[in-house]
>>> print(open('coords33.csv').read())   # CSV, C-alpha atoms
chain,number,residue,atom,x,y,z
A,194,MET,CA,0.0,0.0,0.0
A,195,ASN,CA,1.5,3.3,-1.1
A,196,TYR,CA,0.8,6.0,1.4
A,197,LYS,CA,1.8,9.6,2.0
A,198,ILE,CA,1.7,11.5,5.3
A,199,ILE,CA,0.9,15.2,4.6
A,200,VAL,CA,1.8,17.7,7.3
A,201,PRO,CA,1.2,21.4,6.8
A,202,ILE,CA,3.7,23.5,8.7
A,203,TYR,CA,4.1,27.1,9.4
A,204,ASN,CA,6.8,28.8,11.5
A,205,GLU,CA,7.7,25.6,13.4
A,206,SER,CA,11.5,26.0,13.5
A,207,ARG,CA,11.5,25.5,17.2
A,208,PHE,CA,9.7,22.1,17.0
A,209,ILE,CA,10.2,20.7,13.5
A,210,LYS,CA,13.3,18.7,14.5
A,211,LYS,CA,11.6,17.2,17.5
A,212,PHE,CA,8.5,16.5,15.4
A,213,LEU,CA,10.5,14.6,12.8
A,214,GLU,CA,12.5,12.7,15.4
A,215,THR,CA,9.2,11.2,16.6
A,216,PHE,CA,8.7,9.4,13.2
A,217,PRO,CA,9.8,5.8,12.9
A,218,GLU,CA,12.3,5.3,10.1
A,219,LYS,CA,9.8,3.5,7.8
A,220,HIS,CA,7.4,6.5,7.7
A,221,ILE,CA,10.0,9.2,7.1
A,222,LYS,CA,10.3,8.7,3.3
A,223,HIS,CA,6.5,8.9,3.0
A,224,LEU,CA,6.4,12.3,4.6
A,225,ILE,CA,5.3,15.4,2.6
A,226,LEU,CA,5.8,18.6,4.6
A,227,VAL,CA,4.0,21.6,3.1
A,228,ASP,CA,5.7,24.8,4.4
A,229,ASP,CA,3.1,27.4,4.2
A,230,GLY,CA,5.2,30.5,3.6
A,231,SER,CA,7.1,30.3,6.9
A,232,SER,CA,9.2,33.3,7.7
A,233,ASP,CA,11.7,31.2,9.8
A,234,ASP,CA,14.0,28.3,8.9
A,235,THR,CA,11.4,25.5,9.3
A,236,ALA,CA,11.9,24.1,5.8
A,237,LYS,CA,15.7,24.5,5.9
A,238,ILE,CA,16.0,22.7,9.3
A,239,ALA,CA,13.8,19.9,8.0
A,240,LYS,CA,15.7,19.5,4.8
A,241,THR,CA,19.1,19.5,6.4
A,242,ASP,CA,18.3,16.9,9.0
A,243,TYR,CA,16.0,14.8,6.9
A,244,PRO,CA,16.9,15.0,3.2
A,245,GLU,CA,14.6,12.1,2.4
A,246,VAL,CA,11.5,14.1,3.4
A,247,THR,CA,9.6,15.8,0.6
A,248,ILE,CA,9.3,19.5,1.3
A,249,ILE,CA,7.0,21.7,-0.7
A,250,ARG,CA,7.2,25.4,-0.1
A,251,HIS,CA,4.4,28.0,-0.6
A,252,LYS,CA,6.0,31.3,-1.3
A,253,ILE,CA,3.4,33.1,0.8
A,254,ASN,CA,1.0,31.9,3.5
A,255,LEU,CA,-2.2,30.5,2.0
A,256,GLY,CA,-3.6,28.8,5.1
A,257,LYS,CA,-4.0,25.2,6.4
A,258,GLY,CA,-6.6,24.2,3.8
A,259,LYS,CA,-4.5,25.2,0.8
A,260,SER,CA,-1.4,23.5,2.3
A,261,MET,CA,-3.3,20.3,2.7
A,262,GLU,CA,-4.6,20.5,-0.9
A,263,THR,CA,-1.0,21.1,-2.2
A,264,GLY,CA,0.2,18.1,-0.2
A,265,ALA,CA,-2.7,16.0,-1.5
A,266,LEU,CA,-1.9,17.0,-5.1
A,267,LYS,CA,1.7,16.0,-4.7
A,268,ALA,CA,0.8,12.7,-3.0
A,269,ILE,CA,-1.6,11.8,-5.9
A,270,LYS,CA,1.1,12.7,-8.4
A,271,GLU,CA,3.3,10.2,-6.7
A,272,ASN,CA,0.5,7.6,-7.0
A,273,ALA,CA,-0.3,7.3,-3.3
A,274,ASP,CA,-3.3,5.1,-2.5
A,275,ILE,CA,-3.7,6.5,1.0
A,276,LEU,CA,-3.4,10.1,2.1
A,277,ILE,CA,-2.8,10.7,5.8
A,278,PHE,CA,-3.0,14.2,7.3
A,279,MET,CA,-1.6,15.3,10.6
A,280,ASP,CA,-0.7,18.5,12.4
A,281,GLY,CA,3.0,19.4,12.7
A,282,ASP,CA,2.8,20.9,16.1
A,283,LEU,CA,3.6,17.7,18.1
A,284,GLN,CA,-0.1,17.3,19.0
A,285,HIS,CA,-0.4,14.0,17.2
A,286,LYS,CA,1.7,10.9,17.7
A,287,SER,CA,3.3,9.5,14.6
A,288,THR,CA,2.9,6.0,16.0
A,289,ASP,CA,-0.8,6.3,15.4
A,290,ILE,CA,-0.2,6.3,11.7
A,291,ASN,CA,-0.1,2.5,11.9
A,292,ARG,CA,-3.6,2.5,13.3
A,293,PHE,CA,-4.8,4.2,10.1
A,294,LEU,CA,-2.9,1.9,7.8
A,295,ARG,CA,-4.1,-1.2,9.7
A,296,ALA,CA,-7.7,0.0,9.5
A,297,PHE,CA,-7.6,0.6,5.8
A,298,SER,CA,-6.2,-2.9,5.3
A,299,LYS,CA,-8.9,-4.4,7.6
A,300,TYR,CA,-11.8,-2.5,6.1
A,301,PRO,CA,-11.5,-2.3,2.4
A,302,ASP,CA,-14.9,-0.5,2.0
A,303,ILE,CA,-13.9,2.4,4.2
A,304,ASP,CA,-13.1,5.6,2.2
A,305,ILE,CA,-12.2,7.9,5.0
A,306,LEU,CA,-10.9,7.6,8.6
A,307,PHE,CA,-11.1,10.2,11.2
A,308,GLY,CA,-8.9,10.5,14.2
A,309,ALA,CA,-10.8,11.0,17.5
A,310,ARG,CA,-9.2,12.5,20.5
A,311,THR,CA,-10.1,11.7,24.0
A,312,ILE,CA,-11.9,15.0,24.4
A,313,GLY,CA,-12.7,16.2,27.9
A,314,ARG,CA,-9.9,14.7,29.9
A,315,THR,CA,-7.1,17.0,29.0
A,316,MET,CA,-8.7,19.6,26.6
A,317,ARG,CA,-9.2,23.1,28.0
A,318,LEU,CA,-12.7,24.4,28.5
A,319,ILE,CA,-13.1,26.8,25.6
A,320,PRO,CA,-11.8,24.4,22.9
A,321,PHE,CA,-13.9,21.7,24.5
A,322,VAL,CA,-17.1,23.7,24.3
A,323,GLY,CA,-16.2,24.8,20.7
A,324,ASN,CA,-15.4,21.3,19.6
A,325,LYS,CA,-18.5,19.8,21.1
A,326,SER,CA,-20.8,22.5,19.6
A,327,LEU,CA,-19.4,22.0,16.1
A,328,THR,CA,-19.5,18.2,16.4
A,329,ILE,CA,-23.2,18.3,17.5
A,330,GLY,CA,-23.9,20.7,14.7
A,331,ILE,CA,-22.4,18.5,12.1
A,332,ASN,CA,-24.0,15.4,13.5
A,333,LEU,CA,-27.5,17.0,13.4
A,334,LEU,CA,-27.2,18.8,10.1
A,335,PHE,CA,-25.4,16.2,8.0
A,336,HIS,CA,-26.1,13.0,9.9
A,337,TYR,CA,-22.5,12.0,9.9
A,338,LEU,CA,-21.9,10.7,13.4
A,339,LEU,CA,-18.5,11.6,14.7
A,340,ASN,CA,-17.1,12.2,18.2
A,341,ASP,CA,-14.4,14.7,17.1
A,342,THR,CA,-15.0,16.7,14.0
A,343,GLN,CA,-12.1,19.1,14.4
A,344,CYS,CA,-9.3,16.6,14.7
A,345,GLY,CA,-6.6,17.2,12.0
A,346,PHE,CA,-5.4,13.6,12.1
A,347,ARG,CA,-7.3,11.8,9.4
A,348,ALA,CA,-6.8,9.8,6.2
A,349,PHE,CA,-8.6,8.9,3.1
A,350,ARG,CA,-8.2,6.8,-0.1
A,351,SER,CA,-6.8,8.9,-3.0
A,352,LYS,CA,-9.6,7.7,-5.2
A,353,VAL,CA,-12.1,9.7,-3.2
A,354,PHE,CA,-10.1,13.0,-3.3
A,355,PRO,CA,-12.2,14.4,-6.2
A,356,LYS,CA,-15.3,14.0,-4.1
A,357,LEU,CA,-13.7,15.4,-0.9
A,358,ARG,CA,-11.8,18.3,-2.5
A,359,TRP,CA,-12.2,21.4,-0.4
A,360,LYS,CA,-12.2,25.0,-1.1
A,361,SER,CA,-11.5,26.3,2.4
A,362,ASN,CA,-8.2,28.1,2.9
A,363,GLY,CA,-8.0,28.0,6.7
A,364,TYR,CA,-9.2,25.9,9.7
A,365,SER,CA,-12.7,25.2,8.3
A,366,VAL,CA,-11.1,22.6,6.0
A,367,GLU,CA,-11.7,19.8,8.5
A,368,THR,CA,-15.4,20.6,8.6
A,369,GLU,CA,-15.7,21.1,4.8
A,370,MET,CA,-14.1,17.7,4.3
A,371,ILE,CA,-16.6,16.0,6.6
A,372,ILE,CA,-19.5,17.7,4.8
A,373,ASN,CA,-18.2,16.7,1.4
A,374,ALA,CA,-17.8,13.1,2.7
A,375,ALA,CA,-21.4,13.2,4.1
A,376,LYS,CA,-22.9,14.6,0.9
A,377,ASN,CA,-21.1,12.0,-1.2
A,378,ARG,CA,-22.0,9.2,1.3
A,379,LEU,CA,-18.5,8.1,1.8
A,380,GLN,CA,-17.9,5.2,4.1
A,381,TYR,CA,-16.2,6.3,7.3
A,382,LYS,CA,-14.9,5.2,10.6
A,383,GLU,CA,-13.4,6.9,13.6
A,384,ILE,CA,-10.1,5.8,15.1
A,385,PRO,CA,-9.1,6.7,18.7
A,386,ILE,CA,-5.8,8.6,18.7
A,387,GLU,CA,-3.6,10.0,21.4
A,388,THR,CA,-3.2,13.7,21.7
A,389,ILE,CA,-0.8,15.9,23.5
A,390,TYR,CA,-2.1,19.4,24.4
A,391,LEU,CA,0.8,21.8,24.2
A,392,ASP,CA,1.4,25.3,25.6
A,393,HIS,CA,2.4,26.6,22.2
A,394,TYR,CA,-1.0,25.7,20.6
A,395,LYS,CA,-1.8,28.0,17.7
A,396,GLY,CA,-4.7,26.2,16.0
A,397,THR,CA,-8.4,27.1,15.9
A,398,SER,CA,-9.4,30.2,17.9
A,399,VAL,CA,-12.9,31.2,19.1
A,400,PHE,CA,-13.1,33.5,16.1
A,401,ASP,CA,-12.2,30.6,13.8
A,402,GLY,CA,-14.9,28.5,15.5
A,403,ILE,CA,-17.6,31.1,14.8
A,404,ILE,CA,-16.5,31.3,11.1
A,405,ILE,CA,-16.6,27.5,10.9
A,406,LEU,CA,-20.1,27.5,12.4
A,407,LEU,CA,-21.4,30.1,9.9
A,408,LYS,CA,-19.8,28.3,7.0
A,409,MET,CA,-21.4,25.1,8.2
A,410,LEU,CA,-24.8,26.7,8.0
A,411,THR,CA,-24.2,28.1,4.5
A,412,TRP,CA,-22.9,24.7,3.3
A,413,LYS,CA,-26.0,23.1,4.6
A,414,LEU,CA,-28.1,25.4,2.4
A,415,TRP,CA,-26.0,25.6,-0.7
A,416,LYS,CA,-23.4,22.9,-1.0
B,1500,MET,CA,-30.0,89.6,-5.8
B,1501,GLU,CA,-30.2,86.3,-3.9
B,1502,THR,CA,-27.0,85.3,-2.2
B,1503,MET,CA,-26.0,81.7,-1.8
B,1504,GLU,CA,-25.2,80.6,1.7
B,1505,ILE,CA,-22.8,77.8,2.1
B,1506,ASN,CA,-23.0,75.7,5.3
B,1507,GLY,CA,-20.3,73.6,7.0
B,1508,LEU,CA,-21.5,70.3,5.5
B,1509,GLN,CA,-21.2,71.8,2.0
B,1510,ILE,CA,-17.7,73.1,2.7
B,1511,ALA,CA,-16.6,69.7,4.1
B,1512,SER,CA,-18.1,67.9,1.1
B,1513,ILE,CA,-16.3,70.2,-1.4
B,1514,ALA,CA,-13.0,70.0,0.5
B,1515,PHE,CA,-13.3,66.2,0.7
B,1516,SER,CA,-14.0,65.9,-3.0
B,1517,ILE,CA,-11.1,68.2,-4.0
B,1518,PHE,CA,-8.8,66.2,-1.7
B,1519,MET,CA,-10.1,62.9,-3.2
B,1520,MET,CA,-9.7,64.2,-6.8
B,1521,TYR,CA,-6.1,65.0,-5.9
B,1522,PHE,CA,-5.7,61.6,-4.4
B,1523,ALA,CA,-7.1,60.0,-7.6
B,1524,TYR,CA,-4.6,62.0,-9.7
B,1525,VAL,CA,-1.7,60.9,-7.5
B,1526,GLY,CA,-3.0,57.3,-8.0
B,1527,TYR,CA,-3.0,57.8,-11.7
B,1528,ARG,CA,0.5,59.4,-11.7
B,1529,ARG,CA,1.8,56.4,-9.8
B,1530,LYS,CA,0.2,54.2,-12.5
B,1531,HIS,CA,-2.2,52.5,-10.0
B,1532,PHE,CA,-4.9,52.8,-12.6
B,1533,GLU,CA,-5.4,53.9,-16.2
B,1534,LYS,CA,-6.9,57.2,-17.6
B,1535,TRP,CA,-10.5,55.8,-17.5
B,1536,GLY,CA,-10.1,55.2,-13.7
B,1537,LEU,CA,-9.0,58.8,-13.2
B,1538,LEU,CA,-11.9,60.0,-15.3
B,1539,LEU,CA,-14.5,57.8,-13.5
B,1540,TRP,CA,-13.4,58.9,-10.0
B,1541,ASN,CA,-13.2,62.5,-11.1
B,1542,VAL,CA,-16.8,62.3,-12.4
B,1543,VAL,CA,-17.9,60.8,-9.0
B,1544,PHE,CA,-16.3,63.6,-7.0
B,1545,ILE,CA,-17.4,66.3,-9.4
B,1546,LEU,CA,-21.0,65.0,-8.8
B,1547,VAL,CA,-20.4,65.2,-5.1
B,1548,ILE,CA,-19.3,68.8,-5.5
B,1549,ILE,CA,-22.4,69.6,-7.7
B,1550,SER,CA,-24.7,68.0,-5.2
B,1551,ALA,CA,-23.1,69.9,-2.3
B,1552,LEU,CA,-23.3,73.2,-4.1
B,1553,LEU,CA,-26.7,72.8,-5.8
B,1554,PRO,CA,-28.7,70.2,-3.8
B,1555,THR,CA,-32.0,71.6,-5.1
B,1556,ILE,CA,-31.4,70.3,-8.6
B,1557,PHE,CA,-32.0,66.8,-7.2
B,1558,SER,CA,-35.4,67.8,-5.7
B,1559,PRO,CA,-37.4,66.3,-8.6
B,1560,PHE,CA,-35.6,62.9,-8.1
B,1561,ALA,CA,-36.5,63.1,-4.4
B,1562,GLN,CA,-40.1,63.8,-5.2
B,1563,VAL,CA,-40.4,61.0,-7.7
B,1564,LEU,CA,-38.9,58.6,-5.2
B,1565,LYS,CA,-41.2,60.0,-2.5
B,1566,ILE,CA,-38.2,61.0,-0.3
B,1567,ALA,CA,-39.0,64.0,1.9
B,1568,ARG,CA,-35.6,65.8,1.8
B,1569,VAL,CA,-32.8,65.9,-0.8
B,1570,PHE,CA,-30.4,65.2,2.1
B,1571,ASP,CA,-32.2,61.9,2.7
B,1572,LEU,CA,-31.9,61.1,-1.0
B,1573,PHE,CA,-28.1,61.7,-0.8
B,1574,THR,CA,-27.9,59.4,2.2
B,1575,VAL,CA,-29.8,56.6,0.5
B,1576,ALA,CA,-27.7,57.1,-2.7
B,1577,GLY,CA,-24.5,57.1,-0.7
B,1578,ILE,CA,-25.5,53.8,1.1
B,1579,PHE,CA,-26.3,52.2,-2.3
B,1580,PHE,CA,-23.0,53.4,-3.8
B,1581,LEU,CA,-21.1,52.0,-0.8
B,1582,LEU,CA,-22.9,48.7,-1.1
B,1583,VAL,CA,-22.0,48.4,-4.8
B,1584,ILE,CA,-18.4,49.3,-4.2
B,1585,THR,CA,-18.2,46.8,-1.3
B,1586,PHE,CA,-19.7,44.1,-3.4
B,1587,LEU,CA,-17.3,44.8,-6.3
B,1588,ASN,CA,-14.4,44.8,-3.9
B,1589,PHE,CA,-15.6,41.4,-2.5
B,1590,LEU,CA,-15.8,39.9,-6.0
B,1591,GLN,CA,-12.4,41.2,-7.0
B,1592,ILE,CA,-10.7,40.1,-3.7
B,1593,HIS,CA,-12.3,36.7,-4.0
B,1594,LYS,CA,-11.2,36.3,-7.6
B,1595,LEU,CA,-7.7,37.5,-6.8
B,1596,ASN,CA,-7.4,35.2,-3.8
B,1597,GLY,CA,-8.4,32.2,-5.9
B,1598,LYS,CA,-5.9,33.1,-8.7
B,1599,LEU,CA,-3.1,33.8,-6.2
B,1600,SER,CA,-3.7,30.5,-4.3
B,1601,HIS,CA,-3.7,28.6,-7.6
B,1602,PHE,CA,-0.5,30.3,-8.8
B,1603,ILE,CA,1.3,29.7,-5.5
B,1604,GLN,CA,0.3,26.0,-5.3
B,1605,LYS,CA,1.3,25.5,-9.0
B,1606,GLU,CA,4.6,27.2,-8.4
B,1607,ALA,CA,5.3,25.1,-5.3
B,1608,LEU,CA,4.6,21.8,-7.1
B,1609,LYS,CA,6.6,22.9,-10.1
B,1610,GLU,CA,9.6,23.8,-8.0
B,1611,ASP,CA,9.4,20.5,-6.3
B,1612,GLU,CA,9.3,18.7,-9.6
B,1613,LYS,CA,12.3,20.7,-10.8
B,1614,LYS,CA,14.2,19.7,-7.7
B,1615,HIS,CA,13.4,16.0,-8.4
B,1616,ASP,CA,14.5,16.3,-12.0
B,1617,GLN,CA,17.8,17.9,-11.0
B,1618,LYS,CA,18.3,15.2,-8.4
B,1619,ASP,CA,17.6,12.4,-11.0
B,1620,GLY,CA,19.8,14.1,-13.5
B,1621,GLY,CA,22.6,14.2,-11.0
B,1622,GLU,CA,22.3,10.6,-10.2
B,1623,ILE,CA,22.4,9.5,-13.9
B,1624,SER,CA,25.5,11.5,-14.7
>>> encode(input="coords33.csv", output="structure tokens")
Amino acid sequence: MNYKIIVPIYNESRFIKKFLETFPEKHIKHLILVDDGSSDDTAKIAKTDYPEVTIIRHKINLGKGKSMETGALKAIKENADILIFMDGDLQHKSTDINRFLRAFSKYPDIDILFGARTIGRTMRLIPFVGNKSLTIGINLLFHYLLNDTQCGFRAFRSKVFPKLRWKSNGYSVETEMIINAAKNRLQYKEIPIETIYLDHYKGTSVFDGIIILLKMLTWKLWK
Amino acid sequence: METMEINGLQIASIAFSIFMMYFAYVGYRRKHFEKWGLLLWNVVFILVIISALLPTIFSPFAQVLKIARVFDLFTVAGIFFLLVITFLNFLQIHKLNGKLSHFIQKEALKEDEKKHDQKDGGEIS
């Protein structure tokens, strides 16, 4: 099974080395890092220490959604069957990649796999409320029953990419992907993953949450 | 002979329009837009000056539209104008954003391909 692990990165020079060190040897050559116009040395550090990693550079910052799309296009160009997406901020454990790969082998009918964090135990209150609200909203509006809709750790078969292809630039990409999957009735499953909540978290803010909610409502009406 | 009184609002409108006409000219000189752009914006600000100096010429329009005062007509027209400009800006920004994203993504993938080709070439030689 040819797979690619796509990681959008932006100004992660402090953590990129540590992030890459967590990867088992066998996964390293499958990595595609999409540097989304970092103003620091993220790409340079990664390339120097891990020359076997594919690094694609956006000259300017386009957002997480566009970085994921660029990574997906590159993976498809390299004939990948499975596209795995994860965040590059050390929040996700690279050892969980095997869970996704095993699940795709075990369930040949599954098109898309979503990582699900153990929400509630370690997540802070505001992200917890935001995540739960969006998850309930998606479950109700699109009848796609998931426990964690905002987790960036997910994977799908490359053949469903045209059906899943998103337009979102930023953090609403995760939600749009679920909605596209729901509208196209793709077969899905959730996989429990481990998550480390870090102090340097720079993901979805309250403002992003509101934008996602508004977009979700418009997608319900027009998508 | 009837003398024309000019109030503060009229002075402010005229001063604003003259300033904006100068600003449009500077924009044209810096080649931010073509001659037609300068002409269009000058026409807009000349209209603002005319409406500030001779508001009564718009009274028939206000009557037809059943708007009590010419000032209210200007307010409504101003809001419509701003809405049109905002909508056009939204369209342009949306279009540019899409084009820019497409271009940056294409460039990134092309550059990666180039790197691969160079690497392959190196290995063969």
>>> atom_distance(input="coords33.csv", atom1="atom CA of A:Leu334", atom2="atom CA of A:Asn377")
14.5 Å
>>> closest_residue(input="coords33.csv", among="A:Gln343, A:Lys259, A:Tyr364, A:Lys237", to="B:His1601", atoms="all atoms listed in the file")
A:Lys259
>>> interface_residues(input="coords33.csv", of="chain B", to="chain A", cutoff="9 Å", atoms="only C-alpha atoms", output="VMD selection string")
chain B and resid 1599 to 1600 1603 to 1608 1610 to 1611
>>> residues_around(input="coords33.csv", residues="A:Pro385", least_positions_apart="2", cutoff="9 Å", atoms="only C-alpha atoms", output="list in words")
Asp289, Arg292, Phe307, Gly308, Ala309, Arg310, Thr311, Glu383 and Glu387 of chain A
>>> closest_residue(input="coords33.csv", among="A:Ala273, A:Ile303, A:Val353, A:Ile384", to="A:Asp341", atoms="only C-alpha atoms")
A:Ile384
>>> residues_near_point(input="coords33.csv", point="(-12.9, 21.7, 8.2)", cutoff="10 Å", atoms="all atoms listed in the file", output="PyMOL selection string")
chain A and resi 257-258+342-345+359-373+405+408-409
>>> atom_distance(input="coords33.csv", atom1="atom CA of B:Asp1616", atom2="atom CA of A:Pro244")
15.4 Å
>>> residues_around(input="coords33.csv", residues="A:Arg207", least_positions_apart="5", cutoff="12 Å", atoms="only C-alpha atoms", output="list in words")
Ile202, Phe212, Leu213, Asp233, Asp234, Thr235, Ala236, Ile238, Ala239, Gly281, Asp282, Leu283 and His393 of chain A
>>> residues_near_point(input="coords33.csv", point="(-17.6, 62.8, -1.1)", cutoff="6 Å", atoms="only C-alpha atoms", output="count of residues only")
4
>>> atom_distance(input="coords33.csv", atom1="atom CA of A:Tyr203", atom2="atom CA of A:Lys286")
18.4 Å
>>> residues_around(input="coords33.csv", residues="B:Ile1505", least_positions_apart="4", cutoff="10 Å", atoms="only C-alpha atoms", output="number ranges by chain")
B: 1509-1510, 1551-1552
>>> residues_around(input="coords33.csv", residues="A:Ala268", least_positions_apart="5", cutoff="12 Å", atoms="only C-alpha atoms", output="PyMOL selection string")
(chain A and resi 195-200+223-227+247-249+261-263+273-278+349-352+354) or (chain B and resi 1608)
>>> residues_around(input="coords33.csv", residues="B:Gln1562", least_positions_apart="6", cutoff="10 Å", atoms="all atoms listed in the file", output="mmCIF file with C-alpha atoms, in the coordinates of the input")
data_model
loop_
_atom_site.group_PDB
_atom_site.id
_atom_site.type_symbol
_atom_site.label_atom_id
_atom_site.label_comp_id
_atom_site.auth_asym_id
_atom_site.auth_seq_id
_atom_site.Cartn_x
_atom_site.Cartn_y
_atom_site.Cartn_z
ATOM 1 C CA ARG B 1568 -35.600 65.800 1.800
ATOM 2 C CA VAL B 1569 -32.800 65.900 -0.800
ATOM 3 C CA LEU B 1572 -31.900 61.100 -1.000
#
>>> closest_residue(input="coords33.csv", among="A:Ile404, A:Thr397, A:Lys210, A:Leu306", to="A:Leu379", atoms="only C-alpha atoms")
A:Leu306
>>> closest_residue(input="coords33.csv", among="B:Pro1554, B:Lys1565, B:Tyr1527, B:Lys1598", to="B:Asn1541", atoms="only C-alpha atoms")
B:Tyr1527
>>> decode(input="coords33.csv", residues="stretch 247-277 of chain A", atoms="C-alpha atoms", output="compact mmCIF listing (two decimals), in the first residue's frame")
# COMPACT_ATOMS: atom_id res chain seq x y z
CA THR A 247 9.61 15.80 0.57
CA ILE A 248 9.26 19.48 1.31
CA ILE A 249 7.02 21.72 -0.75
CA ARG A 250 7.16 25.45 -0.13
CA HIS A 251 4.39 27.97 -0.59
CA LYS A 252 6.04 31.30 -1.26
CA ILE A 253 3.36 33.07 0.76
CA ASN A 254 1.05 31.90 3.52
CA LEU A 255 -2.17 30.48 2.05
CA GLY A 256 -3.64 28.75 5.10
CA LYS A 257 -3.97 25.20 6.37
CA GLY A 258 -6.61 24.17 3.83
CA LYS A 259 -4.53 25.15 0.82
CA SER A 260 -1.41 23.51 2.29
CA MET A 261 -3.33 20.28 2.71
CA GLU A 262 -4.56 20.54 -0.87
CA THR A 263 -1.03 21.10 -2.22
CA GLY A 264 0.18 18.10 -0.21
CA ALA A 265 -2.69 15.98 -1.52
CA LEU A 266 -1.94 16.96 -5.13
CA LYS A 267 1.71 16.02 -4.65
CA ALA A 268 0.78 12.68 -3.03
CA ILE A 269 -1.59 11.84 -5.87
CA LYS A 270 1.10 12.74 -8.38
CA GLU A 271 3.29 10.18 -6.66
CA ASN A 272 0.54 7.57 -7.00
CA ALA A 273 -0.29 7.32 -3.32
CA ASP A 274 -3.28 5.12 -2.46
CA ILE A 275 -3.72 6.49 1.03
CA LEU A 276 -3.38 10.11 2.10
CA ILE A 277 -2.83 10.69 5.82
